[in-house]
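Structure file model.txt (compact mmCIF, C-alpha atoms) follows.
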# COMPACT_ATOMS: atom_id res chain seq x y z
CA MET A 1 0.00 0.00 0.00
CA PRO A 2 1.75 3.19 -1.13
CA LEU A 3 -0.13 5.67 1.07
CA TYR A 4 0.63 6.90 4.58
CA HIS A 5 -2.50 6.92 6.72
CA LYS A 6 -3.25 8.15 10.25
CA LEU A 7 -6.41 7.55 12.25
CA GLY A 8 -7.32 8.31 15.86
CA ASN A 9 -4.90 9.53 18.53
CA ILE A 10 -1.17 8.83 18.51
CA PRO A 11 1.85 10.28 20.40
CA HIS A 12 4.21 12.81 18.85
CA LYS A 13 7.06 10.28 18.50
CA ARG A 14 7.19 6.52 18.01
CA HIS A 15 8.27 4.28 20.92
CA THR A 16 7.69 6.98 23.55
CA GLN A 17 5.32 7.14 26.51
CA PHE A 18 1.68 7.58 25.55
CA ARG A 19 -0.47 8.11 28.62
CA LYS A 20 -4.21 7.95 29.16
CA PRO A 21 -6.03 10.87 30.80
CA ASN A 22 -5.97 8.91 34.09
CA GLY A 23 -2.19 8.55 33.92
CA GLY A 24 -2.11 4.91 32.71
CA PHE A 25 -0.43 3.80 29.52
CA TYR A 26 -1.66 3.00 26.05
CA TYR A 27 0.23 0.00 24.64
CA GLU A 28 2.13 0.32 21.37
CA GLN A 29 2.23 -2.49 18.79
CA LEU A 30 4.36 -2.51 15.64
CA PHE A 31 2.32 -4.27 12.93
CA GLY A 32 4.86 -4.94 10.19
CA THR A 33 5.55 -7.21 7.22
CA VAL A 34 8.63 -8.80 5.64
CA GLY A 35 10.46 -8.66 8.95
CA PHE A 36 11.28 -5.00 9.62
CA ASP A 37 11.74 -4.25 5.92
CA GLY A 38 8.17 -4.13 4.59
CA MET A 39 5.15 -1.93 5.16
CA SER A 40 4.26 -1.35 8.80
CA THR A 41 1.84 0.42 11.09
CA ASN A 42 2.21 1.51 14.72
CA MET A 43 -1.02 1.05 16.65
CA TYR A 44 -1.88 1.99 20.23
CA HIS A 45 -4.13 -0.22 22.40
CA GLU A 46 -6.21 0.36 25.51
CA HIS A 47 -4.83 -2.94 26.85
CA ARG A 48 -1.85 -5.16 26.19
CA PRO A 49 -2.61 -6.97 22.90
CA THR A 50 -0.90 -10.14 24.17
CA GLN A 51 -3.41 -11.43 26.72
CA VAL A 52 -4.50 -14.93 25.67
CA LYS A 53 -6.72 -16.72 28.20
CA GLU A 54 -7.15 -20.06 26.44
CA ILE A 55 -6.53 -21.95 23.21
CA LYS A 56 -9.56 -24.18 22.92
CA GLY A 57 -8.41 -26.28 20.00
CA SER A 58 -8.09 -26.28 16.24
CA TYR A 59 -9.57 -27.81 13.12
CA SER A 60 -8.30 -28.24 9.58
CA VAL A 61 -9.42 -26.07 6.68
CA ALA A 62 -6.85 -27.49 4.25
CA PRO A 63 -8.22 -27.77 0.70
CA LYS A 64 -8.90 -31.36 -0.34
CA ILE A 65 -7.19 -31.94 -3.67
CA ALA A 66 -8.94 -33.75 -6.52
CA ARG A 67 -6.42 -33.02 -9.31
CA ALA A 68 -2.87 -32.36 -8.11
CA ASN A 69 -1.32 -32.36 -11.60
CA ASN A 70 -3.87 -30.82 -13.92
CA ILE A 71 -3.70 -30.04 -17.63
CA GLN A 72 -7.45 -29.91 -18.30
CA SER A 73 -9.32 -26.67 -18.89
CA TYR A 74 -12.33 -26.31 -16.63
CA ARG A 75 -15.39 -24.15 -16.25
CA LEU A 76 -16.65 -23.84 -12.68
CA ARG A 77 -20.20 -22.65 -12.05
CA GLY A 78 -19.49 -20.41 -9.08
CA PHE A 79 -23.07 -19.53 -8.20
CA GLN A 80 -23.74 -23.21 -7.52
CA VAL A 81 -21.77 -22.86 -4.30
CA PRO A 82 -24.58 -23.05 -1.71
CA LYS A 83 -25.39 -20.25 0.68
CA THR A 84 -24.05 -20.84 4.18
CA GLU A 85 -24.85 -18.64 7.16
CA ASP A 86 -21.41 -18.66 8.78
CA PHE A 87 -18.77 -16.56 7.01
CA LEU A 88 -15.87 -18.99 7.50
CA GLU A 89 -17.91 -22.11 6.76
CA SER A 90 -19.14 -20.50 3.53
CA ARG A 91 -15.62 -20.29 2.10
CA LYS A 92 -14.96 -23.05 -0.45
CA ALA A 93 -11.42 -23.30 -1.81
CA VAL A 94 -11.57 -24.29 -5.49
CA LEU A 95 -7.99 -23.79 -6.76
CA THR A 96 -4.75 -23.73 -4.81
CA ASN A 97 -0.96 -23.96 -4.83
CA SER A 98 1.78 -23.08 -2.34
CA ASP A 99 1.44 -19.34 -3.12
CA VAL A 100 -2.28 -18.70 -3.45
CA THR A 101 -5.71 -20.17 -2.79
CA ILE A 102 -8.75 -19.07 -4.77
CA THR A 103 -11.98 -19.31 -2.80
CA LEU A 104 -15.68 -18.81 -3.45
CA ALA A 105 -18.10 -17.88 -0.70
CA ALA A 106 -21.83 -17.23 -0.33
CA PRO A 107 -22.25 -16.16 3.31
CA SER A 108 -25.80 -15.35 4.34
CA GLY A 109 -25.06 -14.18 7.88
CA LYS A 110 -22.66 -12.03 9.88
CA THR A 111 -19.54 -13.02 11.82
CA GLN A 112 -21.57 -12.48 14.98
CA ASP A 113 -19.85 -14.31 17.81
CA TYR A 114 -16.19 -14.30 16.75
CA PHE A 115 -13.41 -12.29 15.16
CA TYR A 116 -11.16 -13.65 12.40
CA LYS A 117 -7.46 -13.34 11.66
CA ASN A 118 -5.53 -14.94 8.78
CA THR A 119 -1.89 -15.09 9.85
CA ASP A 120 -0.64 -16.70 6.64
CA SER A 121 -2.20 -14.73 3.81
CA ASP A 122 -3.22 -11.34 2.57
CA GLU A 123 -6.88 -11.61 1.55
CA LEU A 124 -8.19 -9.89 -1.56
CA ILE A 125 -11.99 -10.13 -1.28
CA PHE A 126 -13.95 -9.20 -4.42
CA ILE A 127 -17.59 -8.31 -3.75
CA HIS A 128 -19.71 -9.77 -6.56
CA ARG A 129 -23.00 -9.49 -4.69
CA GLY A 130 -23.83 -7.81 -1.42
CA THR A 131 -23.26 -4.66 0.57
CA GLY A 132 -22.11 -4.15 4.12
CA LYS A 133 -19.26 -3.12 6.38
CA LEU A 134 -15.80 -4.58 6.81
CA ARG A 135 -14.96 -3.99 10.50
CA THR A 136 -11.29 -4.28 11.46
CA VAL A 137 -8.91 -3.51 14.30
CA LEU A 138 -7.58 -0.70 12.06
CA GLY A 139 -10.93 0.84 11.15
CA ASN A 140 -13.99 0.14 9.04
CA LEU A 141 -14.79 0.21 5.34
CA ASP A 142 -18.23 0.18 3.71
CA PHE A 143 -18.38 -2.08 0.66
CA LYS A 144 -20.64 -2.73 -2.30
CA TYR A 145 -20.78 -4.56 -5.63
CA GLY A 146 -17.49 -4.36 -7.51
CA ASP A 147 -15.24 -3.57 -4.54
CA TYR A 148 -11.92 -5.20 -3.90
CA LEU A 149 -11.20 -5.35 -0.16
CA LEU A 150 -7.50 -5.81 0.59
CA VAL A 151 -7.02 -7.21 4.11
CA PRO A 152 -3.32 -7.62 5.01
CA ARG A 153 -2.32 -10.76 6.87
CA GLY A 154 -2.67 -10.48 10.63
CA VAL A 155 -5.53 -7.95 10.56
CA ILE A 156 -8.33 -8.95 12.93
CA TYR A 157 -11.71 -8.40 11.30
CA LYS A 158 -15.42 -9.10 11.08
CA ILE A 159 -17.79 -8.66 8.12
CA ASP A 160 -21.34 -7.38 8.54
CA PHE A 161 -23.57 -7.94 5.50
CA ASP A 162 -26.76 -5.98 4.89
CA THR A 163 -28.64 -8.89 3.27
CA ASP A 164 -28.34 -12.67 2.92
CA ASP A 165 -27.61 -12.58 -0.85
CA ASN A 166 -23.81 -12.28 -0.92
CA ARG A 167 -21.25 -13.68 -3.37
CA LEU A 168 -17.51 -13.32 -2.82
CA PHE A 169 -14.44 -14.21 -4.90
CA ILE A 170 -11.47 -14.40 -2.53
CA VAL A 171 -7.76 -14.56 -3.36
CA GLU A 172 -5.66 -15.68 -0.38
CA SER A 173 -2.01 -14.82 -1.01
CA ARG A 174 0.97 -16.13 0.94
CA ARG A 175 2.90 -13.21 -0.58
CA PRO A 176 2.19 -9.52 0.16
CA ILE A 177 -0.17 -7.95 -2.39
CA TYR A 178 0.94 -4.63 -3.91
CA THR A 179 -0.10 -2.25 -6.66
CA PRO A 180 1.88 -2.93 -9.90
CA LYS A 181 5.40 -1.51 -9.62
CA ARG A 182 5.48 -0.42 -13.27
CA TYR A 183 2.71 2.05 -12.42
CA ARG A 184 4.66 3.58 -9.50
CA ASN A 185 7.61 5.97 -9.43
CA TRP A 186 10.59 5.52 -7.10
CA PHE A 187 8.69 7.33 -4.34
CA GLY A 188 5.73 4.92 -4.62
CA GLN A 189 3.34 7.41 -6.23
CA LEU A 190 1.08 6.06 -8.96
CA LEU A 191 2.16 7.51 -12.30
CA GLU A 192 0.14 9.37 -14.92
CA HIS A 193 -0.26 6.30 -17.15
CA SER A 194 -1.58 4.16 -14.29
CA PRO A 195 -5.18 2.94 -14.81
CA PHE A 196 -6.07 4.19 -11.31
CA CYS A 197 -4.63 6.60 -8.77
CA GLU A 198 -4.56 7.30 -5.05
CA ARG A 199 -7.90 9.14 -5.21
CA ASP A 200 -9.56 5.83 -6.07
CA ILE A 201 -8.25 4.03 -2.98
CA ARG A 202 -10.58 4.16 0.03
CA ARG A 203 -8.88 4.03 3.42
CA PRO A 204 -10.54 3.29 6.79
CA GLU A 205 -12.39 6.34 8.11
CA GLU A 206 -14.14 4.93 11.19
CA LEU A 207 -12.21 3.47 14.13
CA GLU A 208 -14.14 1.37 16.66
CA THR A 209 -12.51 1.47 20.10
CA TYR A 210 -13.73 -0.70 22.97
CA ASP A 211 -12.24 -0.63 26.48
CA GLU A 212 -13.62 -4.01 27.55
CA LYS A 213 -12.33 -7.05 29.44
CA GLY A 214 -13.89 -10.50 29.24
CA GLU A 215 -13.64 -13.45 26.88
CA PHE A 216 -13.41 -12.74 23.16
CA LEU A 217 -13.16 -15.52 20.57
CA ILE A 218 -10.69 -14.93 17.73
CA LYS A 219 -10.50 -17.61 15.05
CA VAL A 220 -6.88 -17.56 13.89
CA ARG A 221 -5.86 -19.25 10.65
CA LYS A 222 -2.32 -20.66 10.59
CA GLN A 223 -0.99 -23.22 8.12
CA ASN A 224 -4.42 -24.45 7.01
CA GLU A 225 -5.77 -24.81 10.53
CA ILE A 226 -8.10 -22.52 12.45
CA PHE A 227 -7.33 -22.12 16.15
CA ASP A 228 -10.03 -20.95 18.56
CA MET A 229 -8.24 -18.48 20.84
CA ILE A 230 -9.86 -16.68 23.77
CA TYR A 231 -8.47 -13.21 24.42
CA ALA A 232 -8.91 -11.32 27.68
CA THR A 233 -9.72 -7.94 26.08
CA HIS A 234 -11.76 -6.74 23.13
CA PRO A 235 -9.60 -6.95 19.99
CA PHE A 236 -10.96 -3.62 18.72
CA ASP A 237 -9.29 -1.52 21.42
CA VAL A 238 -7.02 0.61 19.22
CA VAL A 239 -7.23 4.34 19.96
CA GLY A 240 -5.04 5.37 17.03
CA TYR A 241 -2.42 4.30 14.52
CA ASP A 242 -0.30 5.50 11.65
CA GLY A 243 1.67 3.85 8.87
CA TYR A 244 1.30 2.03 5.58
CA ASN A 245 -0.04 -1.40 6.54
CA TYR A 246 -3.85 -1.39 6.82
CA PRO A 247 -6.93 -2.62 4.93
CA TYR A 248 -8.29 -0.62 2.03
CA ALA A 249 -10.93 -0.78 -0.71
CA PHE A 250 -10.73 -0.21 -4.44
CA SER A 251 -13.69 -0.48 -6.83
CA ILE A 252 -13.29 -2.30 -10.13
CA HIS A 253 -15.57 0.42 -11.53
CA ASP A 254 -12.77 2.96 -10.89
CA PHE A 255 -10.28 1.05 -13.05
CA GLU A 256 -9.64 3.05 -16.25
CA PRO A 257 -8.96 0.70 -19.19
CA ILE A 258 -5.95 1.11 -21.47
CA THR A 259 -6.88 0.62 -25.13
CA GLY A 260 -5.10 0.82 -28.48
CA ARG A 261 -5.38 0.52 -32.26
CA ILE A 262 -4.82 -3.24 -32.03
CA HIS A 263 -5.61 -5.75 -29.29
CA GLN A 264 -3.77 -5.02 -26.05
CA PRO A 265 -2.19 -7.86 -24.02
CA PRO A 266 -3.57 -8.84 -20.59
CA PRO A 267 -0.90 -6.93 -18.56
CA VAL A 268 -2.61 -3.62 -19.42
CA HIS A 269 -5.47 -4.81 -17.18
CA GLN A 270 -3.19 -5.51 -14.21
CA THR A 271 -4.50 -4.19 -10.88
CA PHE A 272 -2.48 -6.00 -8.19
CA GLU A 273 0.71 -8.02 -8.11
CA THR A 274 2.84 -10.32 -6.00
CA ASP A 275 6.03 -12.15 -6.93
CA ALA A 276 3.91 -15.30 -7.45
CA PHE A 277 0.81 -14.13 -9.34
CA VAL A 278 -0.98 -11.07 -10.73
CA VAL A 279 -4.61 -9.89 -10.60
CA CYS A 280 -6.19 -8.09 -13.55
CA SER A 281 -9.51 -6.26 -14.01
CA PHE A 282 -11.40 -6.47 -17.30
CA VAL A 283 -13.86 -3.59 -17.46
CA PRO A 284 -16.18 -1.95 -20.03
CA ARG A 285 -13.99 -0.32 -22.68
CA MET A 286 -13.73 0.79 -26.29
CA TYR A 287 -12.46 -1.85 -28.70
CA ASP A 288 -9.39 -1.55 -30.90
CA TYR A 289 -9.68 1.07 -33.62
CA HIS A 290 -7.28 -0.09 -36.36
CA PRO A 291 -9.41 -0.46 -39.53
CA GLU A 292 -8.52 -4.17 -39.71
CA SER A 293 -8.38 -4.87 -36.00
CA VAL A 294 -9.64 -8.11 -34.45
CA PRO A 295 -11.09 -7.14 -31.04
CA ALA A 296 -11.21 -10.72 -29.74
CA PRO A 297 -8.01 -11.91 -28.06
CA TYR A 298 -5.63 -13.93 -30.19
CA ASN A 299 -4.86 -17.55 -29.38
CA HIS A 300 -2.00 -17.69 -26.92
CA SER A 301 -0.03 -20.35 -25.08
CA ASN A 302 -0.09 -20.60 -21.32
CA ILE A 303 3.54 -21.68 -21.14
CA ASP A 304 4.51 -20.27 -17.76
CA SER A 305 1.26 -19.67 -15.88
CA ASP A 306 -2.22 -20.93 -15.11
CA GLU A 307 -4.95 -18.45 -16.06
CA VAL A 308 -8.10 -18.09 -13.96
CA LEU A 309 -10.89 -15.78 -15.13
CA TYR A 310 -13.84 -14.99 -12.87
CA TYR A 311 -16.78 -13.63 -14.89
CA VAL A 312 -18.65 -10.88 -13.09
CA ASP A 313 -21.09 -9.24 -15.49
CA GLY A 314 -21.79 -8.22 -19.08
CA ASP A 315 -21.19 -9.89 -22.45
CA PHE A 316 -18.03 -12.02 -22.50
CA MET A 317 -17.17 -11.71 -26.17
CA SER A 318 -14.40 -14.34 -26.25
CA ARG A 319 -16.52 -17.13 -24.75
CA ASN A 320 -19.66 -19.04 -25.67
CA ASP A 321 -22.13 -20.04 -22.96
CA ILE A 322 -20.49 -18.16 -20.08
CA GLU A 323 -22.52 -16.60 -17.27
CA ALA A 324 -21.88 -14.38 -14.28
CA GLY A 325 -20.20 -16.31 -11.49
CA HIS A 326 -18.49 -18.77 -13.81
CA ILE A 327 -14.74 -19.40 -13.51
CA SER A 328 -12.57 -20.59 -16.40
CA LEU A 329 -9.26 -22.34 -15.68
CA HIS A 330 -6.77 -22.54 -18.54
CA PRO A 331 -3.70 -24.38 -17.22
CA ALA A 332 -0.09 -23.92 -18.21
CA GLY A 333 1.23 -26.09 -21.01
CA ILE A 334 -1.58 -25.73 -23.55
CA PRO A 335 -2.82 -22.84 -25.75
CA HIS A 336 -6.25 -21.29 -25.46
CA GLY A 337 -8.17 -18.55 -27.21
CA PRO A 338 -11.62 -17.40 -28.28
CA HIS A 339 -14.33 -19.96 -28.75
CA PRO A 340 -15.39 -20.85 -32.32
CA GLY A 341 -17.29 -17.92 -33.79
CA ALA A 342 -16.17 -15.44 -31.14
CA MET A 343 -13.39 -13.92 -33.24
CA GLU A 344 -15.73 -13.49 -36.20
CA ARG A 345 -18.46 -11.95 -34.02
CA SER A 346 -16.05 -9.42 -32.57
CA ILE A 347 -15.03 -7.85 -35.90
CA GLY A 348 -16.69 -4.47 -36.34
CA LYS A 349 -17.76 -4.17 -32.70
CA VAL A 350 -16.81 -0.84 -31.10
CA ASP A 351 -16.98 -1.63 -27.38
CA THR A 352 -17.58 -4.29 -24.73
CA GLN A 353 -19.46 -4.19 -21.45
CA GLU A 354 -17.69 -7.20 -19.92
CA LEU A 355 -16.59 -7.20 -16.28
CA ALA A 356 -14.22 -9.88 -14.99
CA VAL A 357 -11.35 -10.56 -12.58
CA MET A 358 -8.31 -12.54 -13.75
CA VAL A 359 -5.64 -14.29 -11.67
CA ASP A 360 -2.50 -15.54 -13.44
CA THR A 361 -0.29 -17.76 -11.29
CA PHE A 362 3.33 -18.69 -11.94
CA LYS A 363 2.98 -22.12 -10.30
CA PRO A 364 0.41 -24.71 -11.40
CA LEU A 365 -2.91 -24.72 -9.57
CA MET A 366 -4.38 -27.86 -8.04
CA VAL A 367 -8.10 -28.48 -8.48
CA THR A 368 -9.99 -29.19 -5.26
CA GLU A 369 -12.88 -31.50 -4.46
CA GLU A 370 -15.07 -28.42 -3.92
CA ALA A 371 -14.24 -27.31 -7.46
CA MET A 372 -15.22 -30.67 -8.93
CA LYS A 373 -18.69 -30.32 -7.38
CA ILE A 374 -19.37 -27.32 -9.66
CA ALA A 375 -17.14 -28.25 -12.62
CA ASP A 376 -18.07 -28.63 -16.28
CA GLU A 377 -15.89 -31.62 -17.20
CA LYS A 378 -16.53 -31.18 -20.94
CA TYR A 379 -15.45 -27.52 -21.09
CA TYR A 380 -12.03 -28.46 -22.53
CA GLN A 381 -13.83 -29.79 -25.65
CA SER A 382 -15.72 -26.54 -26.26
CA TRP A 383 -13.23 -25.38 -28.92
CA LEU A 384 -14.05 -28.31 -31.23
CA GLU A 385 -15.72 -27.25 -34.46
What's the structure tokens form of this structure?
Amino acid sequence: MPLYHKLGNIPHKRHTQFRKPNGGFYYEQLFGTVGFDGMSTNMYHEHRPTQVKEIKGSYSVAPKIARANNIQSYRLRGFQVPKTEDFLESRKAVLTNSDVTITLAAPSGKTQDYFYKNTDSDELIFIHRGTGKLRTVLGNLDFKYGDYLLVPRGVIYKIDFDTDDNRLFIVESRRPIYTPKRYRNWFGQLLEHSPFCERDIRRPEELETYDEKGEFLIKVRKQNEIFDMIYATHPFDVVGYDGYNYPYAFSIHDFEPITGRIHQPPPVHQTFETDAFVVCSFVPRMYDYHPESVPAPYNHSNIDSDEVLYYVDGDFMSRNDIEAGHISLHPAGIPHGPHPGAMERSIGKVDTQELAVMVDTFKPLMVTEEAMKIADEKYYQSWLE
């Protein structure tokens, strides 16, 4: 996150005494990444943030693998994932490797009686359906259709949904998620040719602070297990913080597409990056304007990466029989391209209203048992004429 942010009350200098009006101390916590070399935030608590009363136990949430070595293209019907009231239970991992897990979720309720913390992964939560509030130890963010919510690893949070009709596409990254470096200068500022800028990034504006003792359940994810930990004080007891490491929101509708006379390659749609995968946003845009242009993408080989495309809305001009909520997986090692007739249909078109999220990974993805429940096993034959 390339923006400094300050919220609430903080002392004049780091690592100095910060006293309460009654003379007691607030307790400082450095919340940093990549050792002491990455982005960090200094937060100040009403109570010591280290008071664990009990560890009640743990249970596995490791994805169950159906295809460990996969070369088959799949279509997954994402909206067939059933609604589940509990937020964590609703999460169904469909594709995974050692760097990233791609998850679908249809939670119909709130995280009412617990807080959640993922210690292993940054979470990029795309809101396909639903509105509500992301509540975190570092402040709150309202969300709606089309929002990306970036929750750095280690952030304690809850999600409150306004209705029971919610659909989420979640990317869990074992690597920190950043904005693309080619769109930033050496100071970290987004450049003029970037498809979005700092004005588009929504930072937490509301800080909930509770001075409460008791028993508070935090479900902590570590190495594919969730541990039920009872803390002695309310986890939302931060009175202020400043730094660069905090949750934020960015709407796919604020992504400004880069177009050209001939078809542009997928990197022009890049929105986020890690050293293990990239995330791209395909948004409504004008088509190529060369007099002999072919707006549909050309056939291309996935030599070095698996390509995952999550279809959100609109007319997906390169595919036949694709609906909102579908996922296509095109694995490394084989070429793919527009379906028969799609290239021909695209010629002469001036724009597209498609909306989609793409994840390209540099390691092969394994297909899970949850994915096979919603998979179209004949999708790989859909290019036959």
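Take CA of Tyr210 (chain A) and CA of Asp160 (chain A): the distance between them is 17.6 Å.
Using only C-alpha atoms, the smallest distance between any of A:Val268, A:Val61, A:Val350, A:Leu138 and Pro295 (chain A) comes from A:Val350.
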Closest atom pairs, region 161-251 of chain A residues within 12 Å of region 318-336 of chain A, all atoms listed in the file, as JSON lines:
{"residue": "A:Asn166", "atom": "CA", "partner": "A:Gly325", "partner_atom": "CA", "distance": 11.9}
{"residue": "A:Arg167", "atom": "CA", "partner": "A:Gly325", "partner_atom": "CA", "distance": 8.6}
{"residue": "A:Leu168", "atom": "CA", "partner": "A:Gly325", "partner_atom": "CA", "distance": 9.6}
{"residue": "A:Phe169", "atom": "CA", "partner": "A:Gly325", "partner_atom": "CA", "distance": 9.0}
Between A:Ser346, A:Thr274, A:Asn140, A:Thr103, single out the one closest to Arg175 (chain A), counting only C-alpha atoms.
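With only C-alpha atoms as the atom set, the closest residue is A:Thr274.
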Determine the axis-aligned bounding box of all atoms of region 100-116 of chain A present in the file, pad each side by 3 Å, and express its centre and edge lengths in Å to one decimal place as AutoDock Vina command-line options.
--center_x -14.0 --center_y -16.1 --center_z 6.5 --size_x 29.5 --size_y 14.1 --size_z 28.6
Separation of CA of Ile226 (chain A) from CA of Phe161 (chain A), in Å and rounded to one decimal
22.4 Å
For each of A:Cys280, A:Val359, A:Ile230, A:Val171, take the minimum atom-to-atom distance to Pro267 (chain A), counting only C-alpha atoms, then give the residue where this is smallest.
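Residue with the minimum atom-to-atom distance to Pro267 (chain A): A:Cys280.
Here CA of Ala276 (chain A) stands at a distance of 11.5 Å from CA of Asp304 (chain A).
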Would you mind listing what lies within 10 Å of Pro49 (chain A) as a ChimeraX atom specification, with all atoms listed in the file counted and same-chain residues fewer than 2 positions away left out?
/A:27-29,44-47,51-52,231-238
Store the residues of this selection in a file with C-alpha atoms, as a tab-separated table (two decimals), in the frame of the given file.
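Heads up, here's the output in again30.tsv:
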chain	number	residue	atom	x	y	z
A	27	TYR	CA	0.23	0.00	24.64
A	28	GLU	CA	2.13	0.32	21.37
A	29	GLN	CA	2.23	-2.49	18.79
A	44	TYR	CA	-1.88	1.99	20.23
A	45	HIS	CA	-4.13	-0.22	22.40
A	46	GLU	CA	-6.21	0.36	25.51
A	47	HIS	CA	-4.83	-2.94	26.85
A	51	GLN	CA	-3.41	-11.43	26.72
A	52	VAL	CA	-4.50	-14.93	25.67
A	231	TYR	CA	-8.47	-13.21	24.42
A	232	ALA	CA	-8.91	-11.32	27.68
A	233	THR	CA	-9.72	-7.94	26.08
A	234	HIS	CA	-11.76	-6.74	23.13
A	235	PRO	CA	-9.60	-6.95	19.99
A	236	PHE	CA	-10.96	-3.62	18.72
A	237	ASP	CA	-9.29	-1.52	21.42
A	238	VAL	CA	-7.02	0.61	19.22
Restricting the calculation to all atoms listed in the file, which member of A:Pro204, A:Asn22, A:Lys222, A:Val294 is positioned closest to Asp242 (chain A)?
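Smallest distance to Asp242 (chain A) is found for A:Pro204.
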Counting only C-alpha atoms, what is within 10 Å of Tyr74 (chain A), bar same-chain residues fewer than 2 positions away, as a PDB file with C-alpha atoms, in the frame of the given file?
ATOM      1  CA  ASN A  70      -3.870 -30.820 -13.920  1.00  0.00           C
ATOM      2  CA  ILE A  71      -3.700 -30.040 -17.630  1.00  0.00           C
ATOM      3  CA  GLN A  72      -7.450 -29.910 -18.300  1.00  0.00           C
ATOM      4  CA  LEU A  76     -16.650 -23.840 -12.680  1.00  0.00           C
ATOM      5  CA  ARG A  77     -20.200 -22.650 -12.050  1.00  0.00           C
ATOM      6  CA  VAL A 308      -8.100 -18.090 -13.960  1.00  0.00           C
ATOM      7  CA  ILE A 327     -14.740 -19.400 -13.510  1.00  0.00           C
ATOM      8  CA  SER A 328     -12.570 -20.590 -16.400  1.00  0.00           C
ATOM      9  CA  LEU A 329      -9.260 -22.340 -15.680  1.00  0.00           C
ATOM     10  CA  HIS A 330      -6.770 -22.540 -18.540  1.00  0.00           C
ATOM     11  CA  PRO A 331      -3.700 -24.380 -17.220  1.00  0.00           C
ATOM     12  CA  VAL A 367      -8.100 -28.480  -8.480  1.00  0.00           C
ATOM     13  CA  ALA A 371     -14.240 -27.310  -7.460  1.00  0.00           C
ATOM     14  CA  MET A 372     -15.220 -30.670  -8.930  1.00  0.00           C
ATOM     15  CA  ILE A 374     -19.370 -27.320  -9.660  1.00  0.00           C
ATOM     16  CA  ALA A 375     -17.140 -28.250 -12.620  1.00  0.00           C
ATOM     17  CA  ASP A 376     -18.070 -28.630 -16.280  1.00  0.00           C
ATOM     18  CA  GLU A 377     -15.890 -31.620 -17.200  1.00  0.00           C
ATOM     19  CA  LYS A 378     -16.530 -31.180 -20.940  1.00  0.00           C
ATOM     20  CA  TYR A 379     -15.450 -27.520 -21.090  1.00  0.00           C
ATOM     21  CA  TYR A 380     -12.030 -28.460 -22.530  1.00  0.00           C
ATOM     22  CA  GLN A 381     -13.830 -29.790 -25.650  1.00  0.00           C
TER      23      GLN A 381
END
Within-7 Å shell of (-6.9, -13.3, 0.9) in input frame, only C-alpha atoms, as a PyMOL selection string:
chain A and resi 121-125+151+170-173
Residues at most 8 Å from region 80-96 of chain A, counting only C-alpha atoms, excluding those fewer than 6 positions away in the same chain, as a PDB file with C-alpha atoms, in the coordinates of the input?
ATOM      1  CA  PRO A  63      -8.220 -27.770   0.700  1.00  0.00           C
ATOM      2  CA  ILE A 102      -8.750 -19.070  -4.770  1.00  0.00           C
ATOM      3  CA  THR A 103     -11.980 -19.310  -2.800  1.00  0.00           C
ATOM      4  CA  LEU A 104     -15.680 -18.810  -3.450  1.00  0.00           C
ATOM      5  CA  ALA A 105     -18.100 -17.880  -0.700  1.00  0.00           C
ATOM      6  CA  ALA A 106     -21.830 -17.230  -0.330  1.00  0.00           C
ATOM      7  CA  PRO A 107     -22.250 -16.160   3.310  1.00  0.00           C
ATOM      8  CA  SER A 108     -25.800 -15.350   4.340  1.00  0.00           C
ATOM      9  CA  GLY A 109     -25.060 -14.180   7.880  1.00  0.00           C
ATOM     10  CA  LYS A 110     -22.660 -12.030   9.880  1.00  0.00           C
ATOM     11  CA  THR A 111     -19.540 -13.020  11.820  1.00  0.00           C
ATOM     12  CA  LEU A 365      -2.910 -24.720  -9.570  1.00  0.00           C
ATOM     13  CA  MET A 366      -4.380 -27.860  -8.040  1.00  0.00           C
ATOM     14  CA  VAL A 367      -8.100 -28.480  -8.480  1.00  0.00           C
ATOM     15  CA  THR A 368      -9.990 -29.190  -5.260  1.00  0.00           C
ATOM     16  CA  GLU A 369     -12.880 -31.500  -4.460  1.00  0.00           C
ATOM     17  CA  GLU A 370     -15.070 -28.420  -3.920  1.00  0.00           C
ATOM     18  CA  ALA A 371     -14.240 -27.310  -7.460  1.00  0.00           C
ATOM     19  CA  ILE A 374     -19.370 -27.320  -9.660  1.00  0.00           C
TER      20      ILE A 374
END
At most 8 Å is the cut-off: for each residue in region 122-206 of chain A with any atom that close to an atom of region 3-11 of chain A, write down the nearest atom pair and the distance in Å rounded to one decimal, counting only C-alpha atoms, chain first then increasing number, as JSON lines.
{"residue": "A:Glu198", "atom": "CA", "partner": "A:Leu3", "partner_atom": "CA", "distance": 7.7}
{"residue": "A:Arg203", "atom": "CA", "partner": "A:His5", "partner_atom": "CA", "distance": 7.7}
{"residue": "A:Glu205", "atom": "CA", "partner": "A:Leu7", "partner_atom": "CA", "distance": 7.4}
Pick out the closest residue to Leu30 (chain A) from this set: A:Gly243, A:Arg153, A:Lys56, A:Asp351. Count all atoms listed in the file.
A:Gly243
